[in-house]
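Colleague: As input, take structure-v4.pdb (PDB, C-alpha atoms, pLDDT in the B column):
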ATOM      1  CA  SER A   1      84.896  98.649  97.987  1.00 73.00           C
ATOM      2  CA  GLN A   2      85.594  97.160 101.379  1.00 82.00           C
ATOM      3  CA  GLN A   3      87.399  98.300 104.466  1.00 84.00           C
ATOM      4  CA  GLY A   4      90.919  97.088 104.994  1.00 89.00           C
ATOM      5  CA  GLU A   5      92.393  96.570 108.417  1.00 92.00           C
ATOM      6  CA  GLU A   6      95.858  98.008 108.883  1.00 95.00           C
ATOM      7  CA  ASP A   7      98.316  96.496 111.308  1.00 95.00           C
ATOM      8  CA  PRO A   8      99.982  97.626 113.475  1.00 96.00           C
ATOM      9  CA  GLN A   9      97.901 100.598 114.544  1.00 95.00           C
ATOM     10  CA  ALA A  10     101.046 102.432 115.576  1.00 96.00           C
ATOM     11  CA  LEU A  11     104.711 101.981 114.707  1.00 97.00           C
ATOM     12  CA  SER A  12     107.733 103.881 115.947  1.00 97.00           C
ATOM     13  CA  ILE A  13     111.171 103.320 114.400  1.00 97.00           C
ATOM     14  CA  GLN A  14     114.524 105.063 114.130  1.00 97.00           C
ATOM     15  CA  GLU A  15     115.358 107.144 111.100  1.00 97.00           C
ATOM     16  CA  GLY A  16     117.087 105.025 108.504  1.00 97.00           C
ATOM     17  CA  GLU A  17     115.318 101.807 109.495  1.00 97.00           C
ATOM     18  CA  ASN A  18     112.735 100.081 107.351  1.00 98.00           C
ATOM     19  CA  ALA A  19     109.044 100.248 108.205  1.00 98.00           C
ATOM     20  CA  THR A  20     106.585  97.513 107.337  1.00 98.00           C
ATOM     21  CA  MET A  21     102.835  97.729 107.714  1.00 98.00           C
ATOM     22  CA  ASN A  22     100.169  95.278 106.691  1.00 97.00           C
ATOM     23  CA  CYS A  23      96.633  95.348 105.396  1.00 97.00           C
ATOM     24  CA  SER A  24      94.106  92.552 105.509  1.00 96.00           C
ATOM     25  CA  TYR A  25      90.761  92.395 103.750  1.00 95.00           C
ATOM     26  CA  LYS A  26      87.880  89.971 103.455  1.00 94.00           C
ATOM     27  CA  THR A  27      86.649  89.518  99.886  1.00 89.00           C
ATOM     28  CA  SER A  28      88.340  89.277  96.497  1.00 89.00           C
ATOM     29  CA  ILE A  29      89.489  92.510  94.906  1.00 88.00           C
ATOM     30  CA  ASN A  30      90.550  93.980  91.560  1.00 87.00           C
ATOM     31  CA  ASN A  31      93.079  96.327  93.088  1.00 90.00           C
ATOM     32  CA  LEU A  32      94.388  97.716  96.345  1.00 93.00           C
ATOM     33  CA  GLN A  33      95.713 101.188  97.030  1.00 93.00           C
ATOM     34  CA  TRP A  34      97.892 102.710  99.721  1.00 96.00           C
ATOM     35  CA  TYR A  35      97.586 106.320 100.848  1.00 96.00           C
ATOM     36  CA  ARG A  36      99.541 108.533 103.216  1.00 97.00           C
ATOM     37  CA  GLN A  37      98.146 111.303 105.391  1.00 95.00           C
ATOM     38  CA  ASN A  38     100.384 113.818 107.066  1.00 94.00           C
ATOM     39  CA  SER A  39      98.962 115.481 110.147  1.00 90.00           C
ATOM     40  CA  GLY A  40      96.238 117.950 109.268  1.00 85.00           C
ATOM     41  CA  ARG A  41      96.440 117.276 105.535  1.00 90.00           C
ATOM     42  CA  GLY A  42      94.496 115.396 102.913  1.00 90.00           C
ATOM     43  CA  LEU A  43      95.381 111.894 101.810  1.00 93.00           C
ATOM     44  CA  VAL A  44      98.032 111.408  99.176  1.00 94.00           C
ATOM     45  CA  HIS A  45      97.992 108.414  96.867  1.00 93.00           C
ATOM     46  CA  LEU A  46     101.147 106.301  97.118  1.00 96.00           C
ATOM     47  CA  ILE A  47     100.650 103.253  94.973  1.00 94.00           C
ATOM     48  CA  LEU A  48      98.011 101.069  93.342  1.00 92.00           C
ATOM     49  CA  ILE A  49      98.545  97.349  92.878  1.00 93.00           C
ATOM     50  CA  ARG A  50      96.199  95.281  90.749  1.00 91.00           C
ATOM     51  CA  SER A  51      95.067  91.770  91.571  1.00 91.00           C
ATOM     52  CA  ASN A  52      97.264  90.207  88.890  1.00 92.00           C
ATOM     53  CA  GLU A  53     100.386  91.834  90.355  1.00 95.00           C
ATOM     54  CA  ARG A  54     102.346  90.398  93.269  1.00 96.00           C
ATOM     55  CA  GLU A  55     104.779  93.211  93.924  1.00 97.00           C
ATOM     56  CA  LYS A  56     105.188  96.820  92.931  1.00 97.00           C
ATOM     57  CA  HIS A  57     107.869  99.405  93.620  1.00 97.00           C
ATOM     58  CA  SER A  58     107.834 103.165  93.718  1.00 95.00           C
ATOM     59  CA  GLY A  59     111.012 104.845  94.935  1.00 97.00           C
ATOM     60  CA  ARG A  60     111.536 103.700  98.533  1.00 97.00           C
ATOM     61  CA  LEU A  61     108.165 101.994  98.644  1.00 98.00           C
ATOM     62  CA  ARG A  62     107.531  98.328  98.006  1.00 98.00           C
ATOM     63  CA  VAL A  63     104.032  96.922  98.050  1.00 98.00           C
ATOM     64  CA  THR A  64     103.163  93.249  97.929  1.00 98.00           C
ATOM     65  CA  LEU A  65      99.800  91.650  97.412  1.00 97.00           C
ATOM     66  CA  ASP A  66      98.898  88.084  98.340  1.00 97.00           C
ATOM     67  CA  THR A  67      95.388  87.462  97.075  1.00 95.00           C
ATOM     68  CA  SER A  68      95.329  83.931  98.512  1.00 95.00           C
ATOM     69  CA  LYS A  69      95.855  85.352 102.004  1.00 96.00           C
ATOM     70  CA  LYS A  70      93.851  88.484 101.280  1.00 96.00           C
ATOM     71  CA  SER A  71      96.647  90.672 102.524  1.00 97.00           C
ATOM     72  CA  SER A  72      99.023  93.370 101.396  1.00 97.00           C
ATOM     73  CA  SER A  73     102.130  94.897 102.878  1.00 98.00           C
ATOM     74  CA  LEU A  74     103.771  98.285 102.473  1.00 98.00           C
ATOM     75  CA  LEU A  75     107.503  98.514 103.060  1.00 98.00           C
ATOM     76  CA  ILE A  76     109.219 101.885 103.383  1.00 98.00           C
ATOM     77  CA  THR A  77     112.967 101.544 103.175  1.00 98.00           C
ATOM     78  CA  ALA A  78     115.551 103.898 104.679  1.00 98.00           C
ATOM     79  CA  SER A  79     112.916 105.857 106.550  1.00 97.00           C
ATOM     80  CA  ARG A  80     113.104 109.625 106.940  1.00 97.00           C
ATOM     81  CA  ALA A  81     111.499 112.062 109.361  1.00 95.00           C
ATOM     82  CA  ALA A  82     109.196 113.175 106.545  1.00 95.00           C
ATOM     83  CA  ASP A  83     107.714 109.674 106.425  1.00 97.00           C
ATOM     84  CA  THR A  84     106.021 110.321 109.762  1.00 97.00           C
ATOM     85  CA  ALA A  85     102.348 110.043 108.848  1.00 97.00           C
ATOM     86  CA  SER A  86      99.330 107.781 108.902  1.00 96.00           C
ATOM     87  CA  TYR A  87      99.111 105.137 106.199  1.00 97.00           C
ATOM     88  CA  PHE A  88      95.872 103.710 104.892  1.00 96.00           C
ATOM     89  CA  CYS A  89      95.042 100.853 102.583  1.00 95.00           C
ATOM     90  CA  ALA A  90      91.944 100.795 100.401  1.00 92.00           C
ATOM     91  CA  PRO A  91      91.113  97.342  99.011  1.00 92.00           C
ATOM     92  CA  GLY A  92      88.878  96.862  96.030  1.00 84.00           C
ATOM     93  CA  GLY A  93      88.305 100.504  95.231  1.00 73.00           C
ATOM     94  CA  GLY A  94      86.015 101.329  92.392  1.00 74.00           C
ATOM     95  CA  ALA A  95      84.429 104.384  90.901  1.00 76.00           C
ATOM     96  CA  ASP A  96      81.808 104.311  93.666  1.00 79.00           C
ATOM     97  CA  GLY A  97      84.346 105.346  96.286  1.00 83.00           C
ATOM     98  CA  LEU A  98      86.867 103.936  98.692  1.00 87.00           C
ATOM     99  CA  THR A  99      86.592 102.616 102.219  1.00 86.00           C
ATOM    100  CA  PHE A 100      89.403 103.341 104.636  1.00 88.00           C
ATOM    101  CA  GLY A 101      90.321 101.738 107.919  1.00 87.00           C
ATOM    102  CA  LYS A 102      91.887 103.458 110.900  1.00 90.00           C
ATOM    103  CA  GLY A 103      95.354 103.311 109.401  1.00 94.00           C
ATOM    104  CA  THR A 104      98.841 102.748 110.740  1.00 96.00           C
ATOM    105  CA  HIS A 105     100.368 105.739 112.485  1.00 96.00           C
ATOM    106  CA  LEU A 106     104.087 105.740 111.725  1.00 98.00           C
ATOM    107  CA  ILE A 107     106.527 107.813 113.750  1.00 97.00           C
ATOM    108  CA  ILE A 108     110.124 108.156 112.622  1.00 97.00           C
ATOM    109  CA  GLN A 109     112.401 108.998 115.532  1.00 95.00           C
ATOM    110  CA  PRO A 110     115.485 111.145 114.739  1.00 90.00           C
TER     111      PRO A 110
ATOM    112  CA  ASP B 111      99.344 118.597  93.248  1.00 55.00           C
ATOM    113  CA  ALA B 112      95.958 117.960  91.700  1.00 65.00           C
ATOM    114  CA  GLY B 113      93.924 121.148  91.403  1.00 92.00           C
ATOM    115  CA  ILE B 114      91.408 120.643  94.187  1.00 96.00           C
ATOM    116  CA  THR B 115      90.323 123.357  96.559  1.00 96.00           C
ATOM    117  CA  GLN B 116      87.835 123.266  99.385  1.00 97.00           C
ATOM    118  CA  SER B 117      86.030 126.181 100.949  1.00 97.00           C
ATOM    119  CA  PRO B 118      85.772 127.194 103.631  1.00 98.00           C
ATOM    120  CA  ARG B 119      88.788 125.572 105.266  1.00 97.00           C
ATOM    121  CA  HIS B 120      87.417 126.130 108.742  1.00 97.00           C
ATOM    122  CA  LYS B 121      83.898 126.807 109.929  1.00 97.00           C
ATOM    123  CA  VAL B 122      82.179 127.046 113.275  1.00 98.00           C
ATOM    124  CA  THR B 123      78.414 127.004 113.266  1.00 97.00           C
ATOM    125  CA  GLU B 124      75.508 126.379 115.584  1.00 97.00           C
ATOM    126  CA  THR B 125      73.197 123.413 115.793  1.00 97.00           C
ATOM    127  CA  GLY B 126      70.245 123.709 113.444  1.00 97.00           C
ATOM    128  CA  THR B 127      71.853 126.024 110.912  1.00 96.00           C
ATOM    129  CA  PRO B 128      72.393 125.056 107.273  1.00 96.00           C
ATOM    130  CA  VAL B 129      75.959 124.678 106.072  1.00 97.00           C
ATOM    131  CA  THR B 130      77.344 124.259 102.567  1.00 98.00           C
ATOM    132  CA  LEU B 131      80.855 123.101 101.803  1.00 98.00           C
ATOM    133  CA  ARG B 132      82.315 123.538  98.355  1.00 98.00           C
ATOM    134  CA  CYS B 133      84.786 121.427  96.438  1.00 98.00           C
ATOM    135  CA  HIS B 134      86.260 122.854  93.261  1.00 98.00           C
ATOM    136  CA  GLN B 135      88.512 121.036  90.796  1.00 97.00           C
ATOM    137  CA  THR B 136      90.440 122.176  87.762  1.00 96.00           C
ATOM    138  CA  GLU B 137      91.314 118.667  86.511  1.00 92.00           C
ATOM    139  CA  ASN B 138      88.057 117.983  84.625  1.00 92.00           C
ATOM    140  CA  HIS B 139      87.808 114.626  86.393  1.00 92.00           C
ATOM    141  CA  ARG B 140      84.515 112.818  86.149  1.00 91.00           C
ATOM    142  CA  TYR B 141      84.209 111.457  89.675  1.00 92.00           C
ATOM    143  CA  MET B 142      83.999 113.519  92.839  1.00 95.00           C
ATOM    144  CA  TYR B 143      83.597 112.345  96.431  1.00 96.00           C
ATOM    145  CA  TRP B 144      82.881 113.680  99.889  1.00 97.00           C
ATOM    146  CA  TYR B 145      84.343 111.896 102.932  1.00 96.00           C
ATOM    147  CA  ARG B 146      84.331 112.677 106.601  1.00 96.00           C
ATOM    148  CA  GLN B 147      87.141 111.775 108.981  1.00 95.00           C
ATOM    149  CA  ASP B 148      86.593 111.245 112.670  1.00 93.00           C
ATOM    150  CA  PRO B 149      88.903 109.872 115.350  1.00 86.00           C
ATOM    151  CA  GLY B 150      88.534 106.115 115.597  1.00 77.00           C
ATOM    152  CA  HIS B 151      86.661 105.797 112.299  1.00 78.00           C
ATOM    153  CA  GLY B 152      89.093 106.551 109.525  1.00 83.00           C
ATOM    154  CA  LEU B 153      87.515 108.129 106.441  1.00 90.00           C
ATOM    155  CA  ARG B 154      83.934 107.351 105.537  1.00 92.00           C
ATOM    156  CA  LEU B 155      82.214 108.086 102.250  1.00 94.00           C
ATOM    157  CA  ILE B 156      79.227 110.457 102.443  1.00 96.00           C
ATOM    158  CA  HIS B 157      78.199 110.954  98.812  1.00 96.00           C
ATOM    159  CA  TYR B 158      79.802 110.757  95.424  1.00 94.00           C
ATOM    160  CA  SER B 159      79.163 111.983  91.906  1.00 95.00           C
ATOM    161  CA  TYR B 160      79.827 110.250  88.603  1.00 90.00           C
ATOM    162  CA  GLY B 161      78.922 113.192  86.421  1.00 91.00           C
ATOM    163  CA  VAL B 162      77.006 116.443  86.285  1.00 93.00           C
ATOM    164  CA  LYS B 163      73.703 115.979  88.114  1.00 93.00           C
ATOM    165  CA  ASP B 164      74.570 112.318  88.772  1.00 94.00           C
ATOM    166  CA  THR B 165      75.106 111.546  92.454  1.00 95.00           C
ATOM    167  CA  ASP B 166      74.741 108.614  94.794  1.00 94.00           C
ATOM    168  CA  LYS B 167      74.850 107.895  98.498  1.00 95.00           C
ATOM    169  CA  GLY B 168      77.778 106.579 100.426  1.00 93.00           C
ATOM    170  CA  GLU B 169      78.110 104.858 103.776  1.00 90.00           C
ATOM    171  CA  VAL B 170      77.106 107.809 105.979  1.00 94.00           C
ATOM    172  CA  SER B 171      74.750 109.934 103.869  1.00 96.00           C
ATOM    173  CA  ASP B 172      72.013 110.637 106.440  1.00 96.00           C
ATOM    174  CA  GLY B 173      71.756 114.353 107.155  1.00 96.00           C
ATOM    175  CA  TYR B 174      73.709 115.331 104.048  1.00 98.00           C
ATOM    176  CA  SER B 175      72.766 116.289 100.512  1.00 97.00           C
ATOM    177  CA  VAL B 176      74.942 117.071  97.506  1.00 98.00           C
ATOM    178  CA  SER B 177      74.684 118.814  94.192  1.00 97.00           C
ATOM    179  CA  ARG B 178      76.818 118.931  91.092  1.00 97.00           C
ATOM    180  CA  SER B 179      75.633 121.410  88.485  1.00 96.00           C
ATOM    181  CA  LYS B 180      79.051 121.780  86.851  1.00 96.00           C
ATOM    182  CA  THR B 181      81.898 119.345  86.312  1.00 95.00           C
ATOM    183  CA  GLU B 182      84.223 121.396  88.473  1.00 97.00           C
ATOM    184  CA  ASP B 183      82.028 121.935  91.542  1.00 98.00           C
ATOM    185  CA  PHE B 184      80.612 119.472  94.067  1.00 98.00           C
ATOM    186  CA  LEU B 185      78.660 120.933  96.980  1.00 98.00           C
ATOM    187  CA  LEU B 186      77.941 119.222 100.286  1.00 98.00           C
ATOM    188  CA  THR B 187      75.030 120.607 102.309  1.00 98.00           C
ATOM    189  CA  LEU B 188      74.103 119.957 105.884  1.00 97.00           C
ATOM    190  CA  GLU B 189      70.470 121.030 105.925  1.00 93.00           C
ATOM    191  CA  SER B 190      70.358 121.366 109.713  1.00 96.00           C
ATOM    192  CA  ALA B 191      73.734 120.855 111.304  1.00 97.00           C
ATOM    193  CA  THR B 192      74.055 118.687 114.405  1.00 97.00           C
ATOM    194  CA  SER B 193      76.943 118.254 116.816  1.00 97.00           C
ATOM    195  CA  SER B 194      77.492 114.732 115.470  1.00 96.00           C
ATOM    196  CA  GLN B 195      78.470 116.318 112.154  1.00 97.00           C
ATOM    197  CA  THR B 196      81.482 117.982 113.715  1.00 97.00           C
ATOM    198  CA  SER B 197      84.263 116.487 111.649  1.00 97.00           C
ATOM    199  CA  VAL B 198      86.911 117.070 109.036  1.00 97.00           C
ATOM    200  CA  TYR B 199      85.470 116.835 105.545  1.00 98.00           C
ATOM    201  CA  PHE B 200      87.561 115.833 102.557  1.00 97.00           C
ATOM    202  CA  CYS B 201      86.727 116.090  98.901  1.00 97.00           C
ATOM    203  CA  ALA B 202      88.381 113.779  96.386  1.00 95.00           C
ATOM    204  CA  ILE B 203      88.389 113.409  92.614  1.00 94.00           C
ATOM    205  CA  SER B 204      89.161 110.570  90.262  1.00 90.00           C
ATOM    206  CA  GLU B 205      89.110 109.674  86.625  1.00 85.00           C
ATOM    207  CA  SER B 206      88.220 106.192  85.521  1.00 69.00           C
ATOM    208  CA  LEU B 207      87.675 105.032  81.991  1.00 60.00           C
ATOM    209  CA  ARG B 208      86.253 101.694  83.032  1.00 61.00           C
ATOM    210  CA  ARG B 209      85.663 100.158  86.409  1.00 53.00           C
ATOM    211  CA  GLU B 210      88.506  97.667  86.038  1.00 54.00           C
ATOM    212  CA  LEU B 211      90.876 100.485  85.104  1.00 59.00           C
ATOM    213  CA  TYR B 212      90.084 102.456  88.206  1.00 68.00           C
ATOM    214  CA  ASN B 213      92.729 104.971  89.096  1.00 72.00           C
ATOM    215  CA  GLU B 214      93.775 106.742  92.243  1.00 85.00           C
ATOM    216  CA  GLN B 215      91.840 109.423  94.043  1.00 89.00           C
ATOM    217  CA  PHE B 216      93.260 112.875  94.655  1.00 91.00           C
ATOM    218  CA  PHE B 217      92.235 114.566  97.877  1.00 94.00           C
ATOM    219  CA  GLY B 218      91.630 118.176  98.764  1.00 95.00           C
ATOM    220  CA  PRO B 219      93.079 119.856 101.873  1.00 95.00           C
ATOM    221  CA  GLY B 220      89.976 119.330 104.002  1.00 96.00           C
ATOM    222  CA  THR B 221      87.423 121.491 105.799  1.00 97.00           C
ATOM    223  CA  ARG B 222      87.298 121.458 109.584  1.00 97.00           C
ATOM    224  CA  LEU B 223      83.677 121.922 110.670  1.00 98.00           C
ATOM    225  CA  THR B 224      82.635 122.473 114.269  1.00 97.00           C
ATOM    226  CA  VAL B 225      78.960 122.414 115.188  1.00 97.00           C
ATOM    227  CA  LEU B 226      78.279 123.906 118.604  1.00 96.00           C
TER     228      LEU B 226
END
Just give me the structure as C-alpha cells.
Modeller:
Amino acid sequence: SQQGEEDPQALSIQEGENATMNCSYKTSINNLQWYRQNSGRGLVHLILIRSNEREKHSGRLRVTLDTSKKSSSLLITASRAADTASYFCAPGGGADGLTFGKGTHLIIQP
Amino acid sequence: DAGITQSPRHKVTETGTPVTLRCHQTENHRYMYWYRQDPGHGLRLIHYSYGVKDTDKGEVSDGYSVSRSKTEDFLLTLESATSSQTSVYFCAISESLRRELYNEQFFGPGTRLTVL
C-alpha cells in the first residue's frame, strides 16, 4: 500500500452544506478506501472503490476515482453535526496492511 | 460493530518496563494488524499477521514484537518501553480471499499508552 495525501487538512462548513475532500496518491492501485475517525475512537470503514470503478455511492457519501490523475474525492451531502470527524484515504490497500495520511479534519458548524 | 476488543484501554508505564497489549476478535478473520497513531503522522503499521504464527513487519516495527498463537488473539509487546512509544495503538482485522478481492479493515477502540 501507499500513503495518500488528503486535502484540505481542515474543513469547516455549516450544517446542511456539502463537504468535499480529496486524496492524491503516486502509483497505480487496485482499490482505494475511505475511513472516518471520530475523536478518540477507532477508524470506521466508509467505502471501498476498485480501480475499474469511477464512482460509488453509499447513503450520503459519493466517492469518485480518477486513476489517470491518481486522485479520489469524497463528497458528503447534506452534512450533519455527527459528520464532524477526521477522514482518511488509503490507496492500494492489500492484505499486508494500509498506509494512512494525516487526514482531513471536518467540522460541521450548527 | 465488528467484534474487536483491545486491552487495556489505557496504560501508564515507566521507561524500560515491558508492556503487552492484547487484541481479541470474535469474527474469525484471518488478518490482524497493529497500528500506532501519533499527532502529525496519521496511522502507521507496526506489525501484521496473516494467520496463526504467521506475522510480518510493518513500517515502524523497531522496538515491537508480536505473537499470534490463536486466530482470535494478536499480542503486541514492547520489550523495553521508551517515551517515543507513547501513542495510541489500534488493532484492526480483515478478511481477504485473494489479494485482488481485498476487503475493508475493522478497527478496535484503541489503547492509549503513556511511557513516562
Colleague: Which polymer residues have any atom within 8 Å of an atom of region 30-44 of chain A, counting all atoms listed in the file, with same-chain residues fewer than 6 positions away left out, as a list in words?
Modeller: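 Neighbouring residues, sequence-local ones excluded: Arg50, Ser51, Leu74, Thr84, Ala85, Ser86, Tyr87, Phe88, Cys89, Ala90, Pro91, Gly92 and Gly93 of chain A; Phe200, Glu210, Glu214, Phe216, Phe217, Gly218, Pro219 and Gly220 of chain B.
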Colleague: Counting all atoms listed in the file, find the residues whose atoms lie at most 7 Å from (86.1, 121.2, 110.1) (file coordinates) and write them out as a PyMOL selection string.
Modeller: chain B and resi 120-121+196-199+221-224
Colleague: Take the PyMOL selection byres ((chain B) within 10 of (chain A)), apply it to the structure above, and return the hits as a PyMOL selection string.
Modeller: chain B and resi 111+140-145+147-160+165-169+198-222
Colleague: Would you mind telling me which residue in A:Asn52, A:His105, A:Ser58, A:Ala19 lies nearest to Leu75 (chain A) when using only C-alpha atoms?
Modeller: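 Of all the options, A:Ala19 lies closest to Leu75 (chain A).
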Colleague: Show me, as JSON, the centre and edge lengths in Å to one decimal of the axis-aligned box that covers every listed atom of region 6-23 of chain A with 4 Å on each side.
Modeller:
{"center_x": 106.5, "center_y": 101.2, "center_z": 110.7, "size_x": 29.2, "size_y": 19.9, "size_z": 18.6}
Colleague: What does the PyMOL selection byres ((chain A and resi 6) around 6) select in this file, as a tab-separated table (two decimals) with C-alpha atoms, in the coordinates of the input?
Modeller:
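Written file, expr32.tsv:
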chain	number	residue	atom	x	y	z
A	5	GLU	CA	92.39	96.57	108.42
A	7	ASP	CA	98.32	96.50	111.31
A	22	ASN	CA	100.17	95.28	106.69
A	23	CYS	CA	96.63	95.35	105.40
A	103	GLY	CA	95.35	103.31	109.40
A	104	THR	CA	98.84	102.75	110.74
Colleague: When you draw a straight line from CA of Val170 (chain B) to CA of Pro118 (chain B), how long is it in Å?
Modeller: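 Separation of CA of Val170 (chain B) and CA of Pro118 (chain B): 21.4 Å.
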Colleague: Let me make sure I understand: among A:Glu53, A:Gln9, A:Ser68, A:Arg60, which one has the smallest atom-to-atom distance to Tyr25 (chain A) if we use all atoms listed in the file?
Modeller: A:Ser68
Colleague: For the atom pair CA of Lys163 (chain B) and CA of Thr192 (chain B), what is the interatomic distance in Å to one decimal place?
Modeller: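 Answer for the CA of Lys163 (chain B) to CA of Thr192 (chain B) separation: 26.4 Å.
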Colleague: Written as a PyMOL selection string, which residues does the PyMOL selection byres ((chain B and resi 172-174) around 8) give for the file shown?
Modeller: chain B and resi 156+170-171+175-176+186-191
Colleague: To one decimal in Å, tell me the separation between CA of Val162 (chain B) and CA of Arg119 (chain B).
Modeller: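 Result for CA of Val162 (chain B) versus CA of Arg119 (chain B): 24.1 Å, one decimal.
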Colleague: What's around Glu137 (chain B) at 9 Å? Count all atoms listed in the file, leave out sequence neighbours fewer than 5 positions away in its own chain, and write the answer as a short mmCIF file (atom, residue, chain, number, x, y, z; two decimals) with C-alpha atoms, keeping the file's coordinate frame.
Modeller:
data_model
loop_
_atom_site.label_atom_id
_atom_site.label_comp_id
_atom_site.auth_asym_id
_atom_site.auth_seq_id
_atom_site.Cartn_x
_atom_site.Cartn_y
_atom_site.Cartn_z
CA ALA B 112 95.96 117.96 91.70
CA GLY B 113 93.92 121.15 91.40
CA ILE B 114 91.41 120.64 94.19
CA GLU B 182 84.22 121.40 88.47
CA ILE B 203 88.39 113.41 92.61
#
Colleague: Using only C-alpha atoms for the distances, tell me which of A:Ile76, A:Ala82, A:Ile49, A:Leu65 is nearest to Ser24 (chain A).
Modeller: A:Leu65
Colleague: If we count all atoms listed in the file and set the cut-off at 7 Å, which residues sit around Ser117 (chain B), ignoring sequence neighbours fewer than 3 positions away in its own chain? Please answer as a list in words.
Modeller: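 With the cut-off at 7 Å, the set is Leu131, Arg132, Cys133 and Thr221 of chain B.
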Colleague: Would you list the contacts of Ser193 (chain B) as a ChimeraX atom specification, taking every protein, DNA or RNA residue within 7 Å and counting all atoms listed in the file, but skipping same-chain residues closer than 4 positions in sequence?
Modeller: /B:125,225-226
